[in-house]
Amino acid sequence: TGTLTSTPGGKGANEAVALARLNVTTALVGCVGHPDVDAQARFLLDYLPRQGVDVAAVRCSRAHVTSAAVIISTAADGRKLTVSCEHVDGRPAANLAIGAVEVDAAERALRRSAQSVLLLQLEVPVGAMMELVARARALRNPVALKPSPLPPHQLAAARRLLGAGVSLCLVNETEAPALLGWGDGGLGGVTSLSDLEAAERAAEQILLRWPSLRTVVVTCCVGHVLRERATSGWLSAEVGRGAGNDGGGDGDCVSRGGSDHGGDDAACAALGE
């Protein structure tokens, strides 16, 4: 026996709400089922605007269903198991239908401000994200990636995106070693970071492996590590210009403890479900 609690979600939606609560102008670009026949779609389209998220670019589709996930947490040791529902009555998940329409909508959102930032995660097709990264770079808008969820079959997609011109990467204690392949035999088969020293090492290696990155944030059970390339990182660069430039820099890293929030002058377009 246990308790079932239903909450709004989807990684893109969660990130959009978090940014909106920080007074960042935020637009979510994505796809859900049609609210006439999809209760989850009705719920999200009502909830997100009340949190300050612009959902004008969220497409509604009668041919698809709003995806859902059930997270099972054990009382004894806190372990979590996530079960995703990607088909209901023969209709596929709406987030998997994201394509050219959403890419165009996200580009329009980015064009609204030279300071717009594109935020991506891995619950939408990689092809759409690769195209959008290219467009954002052409506009000189910074691109941030939260490579989650990151099961083994998504590693190639995450690495492709990081190599395509992402300038900010945010990872947790299991995602960082997975991206680096440390669990494949390197560093004694490390699959999780247990201290800040390991997080620092992972952040440095991610910066070295993907030259377009300017800033890496690694979260582990004891805190957060932020690493930047000297004089060219996310915090030290002019938003909308230097943070998205080509070139690998000299590979030097600096640590930062925090930054000012963008306030009303900053904007973010989040692509997700």
# chains A, B, ... in the order shown; residues from 1 in each chain; ligands from 1
>>> residues_around(residues="segment 194-209 of chain A", least_positions_apart="4", cutoff="8 Å", atoms="only C-alpha atoms", output="count of residues only")
23
>>> atom_distance(atom1="atom CA of Pro125 of chain A", atom2="atom CA of Lys146 of chain A")
14.3 Å
>>> residues_around(residues="Lys11 of chain A", least_positions_apart="2", cutoff="12 Å", atoms="only C-alpha atoms", output="list in words")
Pro8, Gly9, Ala13, Asn14, Glu15, Ala16, Val17, Ala18, Leu28, Gly30, Ser67, Ala68, Ala69, Asn95, Leu119, Leu120, Gln121, Leu122, Glu123, Val124, Leu145, Lys146, Pro147, Ser148, Pro149, Ala270, Leu271, Gly272 and Glu273 of chain A
>>> select_by_dssp(residues="segment 13-207 of chain A", states="strand (DSSP E)", output="mmCIF file with all heavy atoms, in the first residue's frame")
data_model
loop_
_atom_site.group_PDB
_atom_site.id
_atom_site.type_symbol
_atom_site.label_atom_id
_atom_site.label_comp_id
_atom_site.auth_asym_id
_atom_site.auth_seq_id
_atom_site.Cartn_x
_atom_site.Cartn_y
_atom_site.Cartn_z
ATOM 1 N N THR A 25 11.195 36.077 -17.898
ATOM 2 C CA THR A 25 10.162 35.932 -18.923
ATOM 3 C C THR A 25 10.373 34.609 -19.636
ATOM 4 O O THR A 25 11.424 34.380 -20.249
ATOM 5 C CB THR A 25 10.238 37.093 -19.936
ATOM 6 O OG1 THR A 25 10.085 38.325 -19.236
ATOM 7 C CG2 THR A 25 9.151 36.958 -20.990
ATOM 8 N N THR A 26 9.391 33.716 -19.546
ATOM 9 C CA THR A 26 9.578 32.334 -19.992
ATOM 10 C C THR A 26 8.446 31.885 -20.908
ATOM 11 O O THR A 26 7.269 32.096 -20.602
ATOM 12 C CB THR A 26 9.642 31.387 -18.784
ATOM 13 O OG1 THR A 26 10.629 31.854 -17.861
ATOM 14 C CG2 THR A 26 9.991 29.975 -19.213
ATOM 15 N N ALA A 27 8.836 31.260 -22.025
ATOM 16 C CA ALA A 27 7.861 30.672 -22.946
ATOM 17 C C ALA A 27 8.183 29.199 -23.113
ATOM 18 O O ALA A 27 9.350 28.824 -23.280
ATOM 19 C CB ALA A 27 7.906 31.382 -24.293
ATOM 20 N N LEU A 28 7.165 28.368 -23.050
ATOM 21 C CA LEU A 28 7.338 26.934 -23.262
ATOM 22 C C LEU A 28 6.870 26.588 -24.667
ATOM 23 O O LEU A 28 5.768 26.963 -25.082
ATOM 24 C CB LEU A 28 6.527 26.140 -22.237
ATOM 25 C CG LEU A 28 6.608 24.615 -22.349
ATOM 26 C CD1 LEU A 28 8.015 24.130 -22.025
ATOM 27 C CD2 LEU A 28 5.600 23.948 -21.435
ATOM 28 N N VAL A 29 7.711 25.877 -25.394
ATOM 29 C CA VAL A 29 7.373 25.418 -26.738
ATOM 30 C C VAL A 29 7.272 23.900 -26.690
ATOM 31 O O VAL A 29 8.209 23.228 -26.241
ATOM 32 C CB VAL A 29 8.447 25.849 -27.758
ATOM 33 C CG1 VAL A 29 8.057 25.381 -29.155
ATOM 34 C CG2 VAL A 29 8.639 27.358 -27.727
ATOM 35 N N GLY A 30 6.138 23.350 -27.114
ATOM 36 C CA GLY A 30 5.994 21.906 -27.032
ATOM 37 C C GLY A 30 4.686 21.437 -27.636
ATOM 38 O O GLY A 30 4.055 22.143 -28.427
ATOM 39 N N CYS A 31 4.276 20.232 -27.263
ATOM 40 C CA CYS A 31 3.059 19.635 -27.808
ATOM 41 C C CYS A 31 2.392 18.792 -26.735
ATOM 42 O O CYS A 31 3.072 18.056 -26.004
ATOM 43 C CB CYS A 31 3.404 18.772 -29.030
ATOM 44 S SG CYS A 31 1.972 18.066 -29.877
ATOM 45 N N VAL A 32 1.071 18.918 -26.636
ATOM 46 C CA VAL A 32 0.274 18.120 -25.706
ATOM 47 C C VAL A 32 -0.923 17.566 -26.459
ATOM 48 O O VAL A 32 -1.178 17.918 -27.613
ATOM 49 C CB VAL A 32 -0.203 18.961 -24.499
ATOM 50 C CG1 VAL A 32 0.970 19.443 -23.677
ATOM 51 C CG2 VAL A 32 -1.073 20.144 -24.959
ATOM 52 N N GLY A 33 -1.674 16.685 -25.819
ATOM 53 C CA GLY A 33 -2.916 16.223 -26.404
ATOM 54 C C GLY A 33 -3.924 17.360 -26.472
ATOM 55 O O GLY A 33 -3.692 18.448 -25.933
ATOM 56 N N VAL A 53 4.082 31.141 -17.078
ATOM 57 C CA VAL A 53 4.700 30.588 -18.282
ATOM 58 C C VAL A 53 3.807 30.858 -19.493
ATOM 59 O O VAL A 53 2.606 30.544 -19.473
ATOM 60 C CB VAL A 53 4.942 29.067 -18.134
ATOM 61 C CG1 VAL A 53 5.533 28.485 -19.419
ATOM 62 C CG2 VAL A 53 5.845 28.780 -16.946
ATOM 63 N N ASP A 54 4.379 31.407 -20.545
ATOM 64 C CA ASP A 54 3.670 31.649 -21.798
ATOM 65 C C ASP A 54 3.537 30.320 -22.540
ATOM 66 O O ASP A 54 4.537 29.681 -22.878
ATOM 67 C CB ASP A 54 4.465 32.655 -22.636
ATOM 68 C CG ASP A 54 3.785 33.011 -23.958
ATOM 69 O OD1 ASP A 54 2.809 32.328 -24.344
ATOM 70 O OD2 ASP A 54 4.245 33.958 -24.610
ATOM 71 N N VAL A 58 2.546 26.194 -27.344
ATOM 72 C CA VAL A 58 2.314 24.782 -27.053
ATOM 73 C C VAL A 58 1.194 24.284 -27.968
ATOM 74 O O VAL A 58 0.064 24.744 -27.884
ATOM 75 C CB VAL A 58 1.933 24.564 -25.576
ATOM 76 C CG1 VAL A 58 1.563 23.097 -25.326
ATOM 77 C CG2 VAL A 58 3.086 24.973 -24.668
ATOM 78 N N ARG A 59 1.520 23.367 -28.859
ATOM 79 C CA ARG A 59 0.553 22.861 -29.845
ATOM 80 C C ARG A 59 -0.312 21.769 -29.220
ATOM 81 O O ARG A 59 0.160 20.937 -28.444
ATOM 82 C CB ARG A 59 1.306 22.304 -31.058
ATOM 83 C CG ARG A 59 0.430 21.685 -32.135
ATOM 84 C CD ARG A 59 1.214 21.488 -33.425
ATOM 85 N NE ARG A 59 2.367 20.607 -33.248
ATOM 86 C CZ ARG A 59 2.372 19.307 -33.522
ATOM 87 N NH1 ARG A 59 1.252 18.721 -33.967
ATOM 88 N NH2 ARG A 59 3.466 18.590 -33.362
ATOM 89 N N CYS A 60 -1.588 21.771 -29.570
ATOM 90 C CA CYS A 60 -2.532 20.749 -29.102
ATOM 91 C C CYS A 60 -2.855 19.810 -30.255
ATOM 92 O O CYS A 60 -3.190 20.261 -31.351
ATOM 93 C CB CYS A 60 -3.812 21.388 -28.573
ATOM 94 S SG CYS A 60 -3.557 22.522 -27.190
ATOM 95 N N SER A 61 -2.784 18.514 -30.020
ATOM 96 C CA SER A 61 -2.988 17.534 -31.083
ATOM 97 C C SER A 61 -3.971 16.461 -30.652
ATOM 98 O O SER A 61 -3.787 15.810 -29.624
ATOM 99 C CB SER A 61 -1.644 16.886 -31.458
ATOM 100 O OG SER A 61 -1.837 15.793 -32.328
ATOM 101 N N ALA A 68 2.818 10.911 -19.603
ATOM 102 C CA ALA A 68 2.816 10.930 -18.142
ATOM 103 C C ALA A 68 3.853 9.941 -17.634
ATOM 104 O O ALA A 68 4.259 9.017 -18.351
ATOM 105 C CB ALA A 68 1.435 10.580 -17.596
ATOM 106 N N ALA A 69 4.296 10.144 -16.417
ATOM 107 C CA ALA A 69 5.250 9.234 -15.789
ATOM 108 C C ALA A 69 4.811 8.971 -14.364
ATOM 109 O O ALA A 69 4.308 9.867 -13.673
ATOM 110 C CB ALA A 69 6.664 9.816 -15.815
ATOM 111 N N VAL A 70 5.010 7.754 -13.921
ATOM 112 C CA VAL A 70 4.739 7.371 -12.545
ATOM 113 C C VAL A 70 6.081 7.108 -11.866
ATOM 114 O O VAL A 70 6.866 6.277 -12.327
ATOM 115 C CB VAL A 70 3.857 6.115 -12.458
ATOM 116 C CG1 VAL A 70 3.644 5.704 -11.004
ATOM 117 C CG2 VAL A 70 2.519 6.371 -13.149
ATOM 118 N N ILE A 71 6.366 7.863 -10.806
ATOM 119 C CA ILE A 71 7.611 7.700 -10.059
ATOM 120 C C ILE A 71 7.302 6.946 -8.768
ATOM 121 O O ILE A 71 6.556 7.428 -7.922
ATOM 122 C CB ILE A 71 8.260 9.055 -9.746
ATOM 123 C CG1 ILE A 71 8.541 9.818 -11.052
ATOM 124 C CG2 ILE A 71 9.541 8.871 -8.953
ATOM 125 C CD1 ILE A 71 9.061 11.214 -10.829
ATOM 126 N N ILE A 72 7.859 5.766 -8.647
ATOM 127 C CA ILE A 72 7.628 4.915 -7.480
ATOM 128 C C ILE A 72 8.828 5.039 -6.556
ATOM 129 O O ILE A 72 9.974 4.796 -6.958
ATOM 130 C CB ILE A 72 7.427 3.447 -7.903
ATOM 131 C CG1 ILE A 72 6.250 3.352 -8.895
ATOM 132 C CG2 ILE A 72 7.188 2.563 -6.684
ATOM 133 C CD1 ILE A 72 6.129 1.989 -9.549
ATOM 134 N N SER A 73 8.579 5.454 -5.325
ATOM 135 C CA SER A 73 9.649 5.624 -4.339
ATOM 136 C C SER A 73 9.427 4.644 -3.195
ATOM 137 O O SER A 73 8.335 4.577 -2.627
ATOM 138 C CB SER A 73 9.664 7.060 -3.801
ATOM 139 O OG SER A 73 10.677 7.236 -2.835
ATOM 140 N N LYS A 80 14.105 5.043 -6.292
ATOM 141 C CA LYS A 80 13.051 5.500 -7.187
ATOM 142 C C LYS A 80 13.057 4.710 -8.491
ATOM 143 O O LYS A 80 14.109 4.400 -9.037
ATOM 144 C CB LYS A 80 13.217 6.994 -7.493
ATOM 145 C CG LYS A 80 12.969 7.899 -6.295
ATOM 146 C CD LYS A 80 13.092 9.364 -6.681
ATOM 147 C CE LYS A 80 12.830 10.270 -5.490
ATOM 148 N NZ LYS A 80 12.941 11.702 -5.858
ATOM 149 N N LEU A 81 11.866 4.412 -8.973
ATOM 150 C CA LEU A 81 11.678 3.753 -10.257
ATOM 151 C C LEU A 81 10.685 4.590 -11.054
ATOM 152 O O LEU A 81 9.604 4.915 -10.555
ATOM 153 C CB LEU A 81 11.134 2.334 -10.068
ATOM 154 C CG LEU A 81 10.726 1.589 -11.342
ATOM 155 C CD1 LEU A 81 11.947 1.304 -12.202
ATOM 156 C CD2 LEU A 81 9.989 0.295 -10.996
ATOM 157 N N THR A 82 11.058 4.957 -12.266
ATOM 158 C CA THR A 82 10.189 5.783 -13.104
ATOM 159 C C THR A 82 9.637 4.954 -14.254
ATOM 160 O O THR A 82 10.390 4.299 -14.984
ATOM 161 C CB THR A 82 10.958 6.984 -13.677
ATOM 162 O OG1 THR A 82 11.466 7.774 -12.601
ATOM 163 C CG2 THR A 82 10.035 7.852 -14.533
ATOM 164 N N VAL A 83 8.317 4.967 -14.399
ATOM 165 C CA VAL A 83 7.636 4.275 -15.485
ATOM 166 C C VAL A 83 6.966 5.329 -16.362
ATOM 167 O O VAL A 83 6.113 6.090 -15.881
ATOM 168 C CB VAL A 83 6.587 3.278 -14.950
ATOM 169 C CG1 VAL A 83 5.896 2.568 -16.111
ATOM 170 C CG2 VAL A 83 7.237 2.275 -14.011
ATOM 171 N N SER A 84 7.353 5.401 -17.632
ATOM 172 C CA SER A 84 6.794 6.398 -18.554
ATOM 173 C C SER A 84 5.707 5.777 -19.413
ATOM 174 O O SER A 84 5.826 4.632 -19.859
ATOM 175 C CB SER A 84 7.892 6.971 -19.456
ATOM 176 O OG SER A 84 8.861 7.654 -18.683
ATOM 177 N N CYS A 85 4.665 6.548 -19.640
ATOM 178 C CA CYS A 85 3.551 6.115 -20.488
ATOM 179 C C CYS A 85 3.625 6.885 -21.797
ATOM 180 O O CYS A 85 3.421 8.100 -21.815
ATOM 181 C CB CYS A 85 2.227 6.376 -19.780
ATOM 182 S SG CYS A 85 0.784 5.888 -20.745
ATOM 183 N N HIS A 87 2.146 5.641 -24.866
ATOM 184 C CA HIS A 87 1.036 5.331 -25.765
ATOM 185 C C HIS A 87 -0.214 5.090 -24.927
ATOM 186 O O HIS A 87 -0.163 4.411 -23.903
ATOM 187 C CB HIS A 87 1.324 4.085 -26.607
ATOM 188 C CG HIS A 87 2.365 4.298 -27.663
ATOM 189 N ND1 HIS A 87 3.710 4.268 -27.388
ATOM 190 C CD2 HIS A 87 2.233 4.576 -28.988
ATOM 191 C CE1 HIS A 87 4.382 4.484 -28.510
ATOM 192 N NE2 HIS A 87 3.525 4.677 -29.483
ATOM 193 N N VAL A 88 -1.332 5.672 -25.347
ATOM 194 C CA VAL A 88 -2.616 5.444 -24.703
ATOM 195 C C VAL A 88 -3.657 5.225 -25.795
ATOM 196 O O VAL A 88 -3.851 6.085 -26.661
ATOM 197 C CB VAL A 88 -3.031 6.637 -23.808
ATOM 198 C CG1 VAL A 88 -4.436 6.415 -23.267
ATOM 199 C CG2 VAL A 88 -2.045 6.817 -22.664
ATOM 200 N N ARG A 91 -2.686 6.023 -29.284
ATOM 201 C CA ARG A 91 -2.169 7.367 -29.591
ATOM 202 C C ARG A 91 -0.794 7.543 -28.969
ATOM 203 O O ARG A 91 -0.614 7.305 -27.779
ATOM 204 C CB ARG A 91 -3.126 8.445 -29.066
ATOM 205 C CG ARG A 91 -4.458 8.507 -29.812
ATOM 206 C CD ARG A 91 -5.316 9.627 -29.247
ATOM 207 N NE ARG A 91 -5.682 9.373 -27.855
ATOM 208 C CZ ARG A 91 -6.092 10.311 -27.005
ATOM 209 N NH1 ARG A 91 -6.168 11.573 -27.406
ATOM 210 N NH2 ARG A 91 -6.423 9.996 -25.767
ATOM 211 N N PRO A 92 0.189 7.994 -29.752
ATOM 212 C CA PRO A 92 1.547 8.171 -29.214
ATOM 213 C C PRO A 92 1.660 9.433 -28.371
ATOM 214 O O PRO A 92 0.802 10.320 -28.412
ATOM 215 C CB PRO A 92 2.402 8.282 -30.482
ATOM 216 C CG PRO A 92 1.466 8.830 -31.517
ATOM 217 C CD PRO A 92 0.109 8.259 -31.198
ATOM 218 N N SER A 116 17.677 36.412 -25.291
ATOM 219 C CA SER A 116 16.943 35.164 -25.099
ATOM 220 C C SER A 116 17.897 33.984 -25.000
ATOM 221 O O SER A 116 18.941 33.938 -25.658
ATOM 222 C CB SER A 116 15.966 34.934 -26.255
ATOM 223 O OG SER A 116 14.948 35.898 -26.269
ATOM 224 N N VAL A 117 17.522 33.023 -24.176
ATOM 225 C CA VAL A 117 18.305 31.807 -23.973
ATOM 226 C C VAL A 117 17.424 30.607 -24.310
ATOM 227 O O VAL A 117 16.254 30.566 -23.926
ATOM 228 C CB VAL A 117 18.786 31.705 -22.514
ATOM 229 C CG1 VAL A 117 19.530 30.387 -22.282
ATOM 230 C CG2 VAL A 117 19.679 32.886 -22.162
ATOM 231 N N LEU A 118 17.986 29.638 -25.019
ATOM 232 C CA LEU A 118 17.272 28.404 -25.348
ATOM 233 C C LEU A 118 17.659 27.330 -24.349
ATOM 234 O O LEU A 118 18.842 27.042 -24.157
ATOM 235 C CB LEU A 118 17.636 27.952 -26.762
ATOM 236 C CG LEU A 118 17.080 26.585 -27.202
ATOM 237 C CD1 LEU A 118 15.557 26.623 -27.285
ATOM 238 C CD2 LEU A 118 17.685 26.173 -28.537
ATOM 239 N N LEU A 119 16.658 26.737 -23.701
ATOM 240 C CA LEU A 119 16.895 25.687 -22.706
ATOM 241 C C LEU A 119 16.293 24.381 -23.220
ATOM 242 O O LEU A 119 15.108 24.314 -23.535
ATOM 243 C CB LEU A 119 16.263 26.074 -21.369
ATOM 244 C CG LEU A 119 16.314 25.031 -20.246
ATOM 245 C CD1 LEU A 119 17.749 24.638 -19.922
ATOM 246 C CD2 LEU A 119 15.604 25.563 -19.005
ATOM 247 N N LEU A 120 17.113 23.331 -23.278
ATOM 248 C CA LEU A 120 16.693 22.041 -23.822
ATOM 249 C C LEU A 120 16.841 20.937 -22.783
ATOM 250 O O LEU A 120 17.652 21.042 -21.863
ATOM 251 C CB LEU A 120 17.546 21.678 -25.047
ATOM 252 C CG LEU A 120 17.544 22.656 -26.227
ATOM 253 C CD1 LEU A 120 18.594 22.218 -27.242
ATOM 254 C CD2 LEU A 120 16.173 22.729 -26.864
ATOM 255 N N GLN A 121 16.070 19.862 -22.962
ATOM 256 C CA GLN A 121 16.222 18.643 -22.185
ATOM 257 C C GLN A 121 15.920 17.471 -23.110
ATOM 258 O O GLN A 121 15.701 17.680 -24.301
ATOM 259 C CB GLN A 121 15.323 18.668 -20.948
ATOM 260 C CG GLN A 121 13.954 19.283 -21.130
ATOM 261 C CD GLN A 121 13.009 18.440 -21.938
ATOM 262 O OE1 GLN A 121 12.998 17.227 -21.764
ATOM 263 N NE2 GLN A 121 12.211 19.040 -22.801
ATOM 264 N N VAL A 143 22.691 28.584 -25.709
ATOM 265 C CA VAL A 143 21.905 27.360 -25.578
ATOM 266 C C VAL A 143 22.331 26.634 -24.310
ATOM 267 O O VAL A 143 23.528 26.413 -24.078
ATOM 268 C CB VAL A 143 22.098 26.430 -26.791
ATOM 269 C CG1 VAL A 143 21.268 25.153 -26.625
ATOM 270 C CG2 VAL A 143 21.733 27.148 -28.086
ATOM 271 N N ALA A 144 21.352 26.279 -23.493
ATOM 272 C CA ALA A 144 21.601 25.509 -22.273
ATOM 273 C C ALA A 144 20.967 24.132 -22.424
ATOM 274 O O ALA A 144 19.899 23.988 -23.026
ATOM 275 C CB ALA A 144 21.018 26.228 -21.053
ATOM 276 N N LEU A 145 21.633 23.117 -21.898
ATOM 277 C CA LEU A 145 21.126 21.743 -21.975
ATOM 278 C C LEU A 145 21.137 21.109 -20.599
ATOM 279 O O LEU A 145 22.158 21.120 -19.904
ATOM 280 C CB LEU A 145 21.988 20.899 -22.924
ATOM 281 C CG LEU A 145 21.649 19.404 -22.971
ATOM 282 C CD1 LEU A 145 20.261 19.163 -23.558
ATOM 283 C CD2 LEU A 145 22.706 18.628 -23.752
ATOM 284 N N LYS A 146 19.979 20.574 -20.212
ATOM 285 C CA LYS A 146 19.871 19.695 -19.047
ATOM 286 C C LYS A 146 19.662 18.290 -19.598
ATOM 287 O O LYS A 146 18.555 17.918 -19.964
ATOM 288 C CB LYS A 146 18.685 20.112 -18.170
ATOM 289 C CG LYS A 146 18.476 19.226 -16.951
ATOM 290 C CD LYS A 146 19.583 19.421 -15.939
ATOM 291 C CE LYS A 146 19.323 18.621 -14.663
ATOM 292 N NZ LYS A 146 19.590 17.173 -14.828
ATOM 293 N N LEU A 168 25.997 25.979 -22.115
ATOM 294 C CA LEU A 168 25.816 25.705 -20.689
ATOM 295 C C LEU A 168 25.243 24.311 -20.520
ATOM 296 O O LEU A 168 24.234 23.971 -21.141
ATOM 297 C CB LEU A 168 24.872 26.732 -20.049
ATOM 298 C CG LEU A 168 24.352 26.426 -18.641
ATOM 299 C CD1 LEU A 168 25.477 26.383 -17.635
ATOM 300 C CD2 LEU A 168 23.305 27.461 -18.218
ATOM 301 N N CYS A 169 25.875 23.493 -19.695
ATOM 302 C CA CYS A 169 25.400 22.138 -19.414
ATOM 303 C C CYS A 169 25.172 21.990 -17.918
ATOM 304 O O CYS A 169 26.041 22.347 -17.110
ATOM 305 C CB CYS A 169 26.434 21.115 -19.899
ATOM 306 S SG CYS A 169 25.975 19.388 -19.583
ATOM 307 N N LEU A 170 23.994 21.473 -17.551
ATOM 308 C CA LEU A 170 23.649 21.250 -16.148
ATOM 309 C C LEU A 170 23.398 19.764 -15.938
ATOM 310 O O LEU A 170 22.493 19.199 -16.565
ATOM 311 C CB LEU A 170 22.414 22.057 -15.755
ATOM 312 C CG LEU A 170 22.483 23.564 -16.039
ATOM 313 C CD1 LEU A 170 21.632 23.905 -17.266
ATOM 314 C CD2 LEU A 170 21.998 24.368 -14.853
ATOM 315 N N VAL A 171 24.202 19.123 -15.091
ATOM 316 C CA VAL A 171 24.111 17.679 -14.899
ATOM 317 C C VAL A 171 24.100 17.346 -13.413
ATOM 318 O O VAL A 171 24.555 18.134 -12.584
ATOM 319 C CB VAL A 171 25.286 16.950 -15.583
ATOM 320 C CG1 VAL A 171 25.134 16.968 -17.093
ATOM 321 C CG2 VAL A 171 26.627 17.555 -15.179
#
>>> residues_around(residues="Leu110 of chain A", least_positions_apart="3", cutoff="9 Å", atoms="only C-alpha atoms", output="JSON, numbers by chain")
{"A": [105, 106, 107, 113, 114, 115, 116, 117, 118, 136, 139, 141, 267, 268, 269]}
